[in-house]
Amino acid sequence: MPYDIARLHHVGHVVSDMAQAIALYRRLGFHVPPPGVPALAPREGAALEIFGAANTHADLSRSFIELVTPVQPGNAAGLPSDVRIVPLQAPAEKLPLVMSRIEETSAQLGAWLDRFEGLHILMFSSPNVDDTGNRLTAADVGHGGVNTVGRPVETPDGLRTEPVRYLEIDGAPEGRVGVVADLDPEFQHTRRLDHPNGAQDLVEAVLCVPDGQLPLLRERYERYLGRPMSTEGPVTLLTKADLPDLLPGEDPPALPALVACTVSVLDIARVRALLAENGLPARETGRGELFVPAGAALGAALIFREISEGA
């Protein structure tokens with residue numbers, strides 16, 4: 001029987017300056033659209049005021065890398081001039097709850113930024129998130145149950161809302177960890193996938209813990225995934241002592257931490273040339289891949305892994 005979690009849905013890169021982050025990811029060779037940010041009139045007849053969090057995605061075939069930043073009410077500092085304002089739409093009786101959740105998210109993002117700028121969100125993909133939730137419950141993994149939210153999606157016919165079903169696992173010290181229903185194929189044609197770097201998919205997250213904590217981390221993630229850990233991904237676990245063997249020169253500012261993610265590409269030589277052209281450093285991983293160190297990528301090392309076309 002196939003496992004209910006086989007791959008990643010997305011990782012979230014929490015940044016302090018969205019305009020700077022978008023510029024970086026475009027230099028890394030990704031198409032990144034302008035970010036969206038929620039807005040609400042603070043009183044009847046008043047102009048819309050942004051608040052909460054702004055985010056955008058580098059979309060891949062079955063996954064994406066999210067860029068996200070907290071936003072102070074009415075303060076557009078760090079947002080690009082082409083930011084997309086998304087007015088909140090909810091029944092009046094539900095609006096306070098919606099606002100409260102957005103404000104909680106913004107506060108959490110701020111707390112993560114205080115810890116370090118980098119990867120703080122790790123979401124796995126499941127074809128049936130309800131079944132995954134039941135399995136996690138049976139394995140004594142606490143979670144908040146399955147929720148449904150709407151994600152605005154730009155289409156040729158205008159803005160549409162894609163329903164997203166997800167759950168968040170309780171108490172993961174490395175950040176927000178959870179499971180999301182597989183991306184809806186109906187919306188795949190709306191995503192920009194022809195990245196200059198040839199990126200195909202998000203295939204790995206790298207999680208680092210202090211020395212001596214690997215057994216507990218492995219046991220926890222085996223319960224999350226419902227199977228023994230594998231070198232095939234979608235998550236690689238290691239200690240700080242072992243990190244230089246994979247990513248030479250990396251020294252995370254805090255642990256546990258998501259220190260890197262891996263994107264599959266069609267032509268590593270093409271990536272190497274693009275990074276050199278855009279003035280970004282490139283190093284070799286201990287596995288012979290290419291990576292941009294965290295110090296040059298806003299706190300999150302980015303690994304490029306070559307695959308054969310159609311793999």
# chains A, B, ... in the order shown; residues from 1 in each chain; ligands from 1

$ residues_around --residues "segment 239-254 of chain A" --least-positions-apart "4" --cutoff "10 Å" --atoms "only C-alpha atoms" --output "MDAnalysis selection string"
chainID A and resid 115:118 174 206:214 217 258:260 283:295 299:301 303

$ residues_around --residues "Gly74 of chain A" --least-positions-apart "2" --cutoff "8 Å" --atoms "only C-alpha atoms" --output "PDB file with C-alpha atoms, in the first residue's frame"
ATOM      1  CA  GLU A  49      -5.462  49.270   5.204  1.00  0.00           C
ATOM      2  CA  ILE A  50      -3.004  46.434   4.735  1.00  0.00           C
ATOM      3  CA  PHE A  51      -2.093  44.205   7.682  1.00  0.00           C
ATOM      4  CA  GLN A  72       2.341  46.012  10.343  1.00  0.00           C
ATOM      5  CA  ALA A  76       4.099  48.952   3.304  1.00  0.00           C
TER       6      ALA A  76
END

$ closest_residue --among "A:Gly52, A:Glu168, A:Ile22, A:Ala273" --to "Ala107 of chain A" --atoms "only C-alpha atoms"
A:Gly52

$ closest_residue --among "A:Leu28, A:Ala54, A:Met123, A:Val11" --to "Leu274 of chain A" --atoms "only C-alpha atoms"
A:Leu28

$ closest_residue --among "A:His120, A:Ile85, A:Ala53, A:Pro35" --to "Arg101 of chain A" --atoms "only C-alpha atoms"
A:Ala53

$ residues_around --residues "Pro34 of chain A" --least-positions-apart "4" --cutoff "7 Å" --atoms "only C-alpha atoms" --output "JSON, numbers by chain"
{"A": [56, 82, 83, 84]}

$ atom_distance --atom1 "atom CA of Met99 of chain A" --atom2 "atom CA of Gly171 of chain A"
23.3 Å

$ atom_distance --atom1 "atom CA of Asp194 of chain A" --atom2 "atom CA of Val86 of chain A"
26.0 Å

$ residues_around --residues "Arg26 of chain A" --least-positions-apart "5" --cutoff "12 Å" --atoms "only C-alpha atoms" --output "list in words"
Ala19, Gln20, Ala21, His31, Val32, Pro33, Pro34, His57, Ala58, His195, Pro196, Asn197, Leu274, Leu275, Asn278, Leu280 and Ala297 of chain A

$ atom_distance --atom1 "atom CA of Ala77 of chain A" --atom2 "atom CA of Ile65 of chain A"
22.3 Å

$ select_by_dssp --residues "segment 124-254 of chain A" --states "helix (DSSP H, G or I)" --output "count of residues only"
32

$ select_by_dssp --residues "segment 55-162 of chain A" --states "strand (DSSP E)" --output "number ranges by chain"
A: 55-59, 64-71, 84-87, 118-126, 147-155, 158-162

$ closest_residue --among "A:Ala282, A:Val37, A:Ile307, A:Leu255" --to "Asp267 of chain A" --atoms "only C-alpha atoms"
A:Ile307

$ closest_residue --among "A:Met18, A:Val141, A:Arg227, A:Ser126" --to "Val164 of chain A" --atoms "only C-alpha atoms"
A:Ser126

$ closest_residue --among "A:Pro228, A:Gly36, A:Gly233, A:Pro215" --to "Ser81 of chain A" --atoms "only C-alpha atoms"
A:Gly36
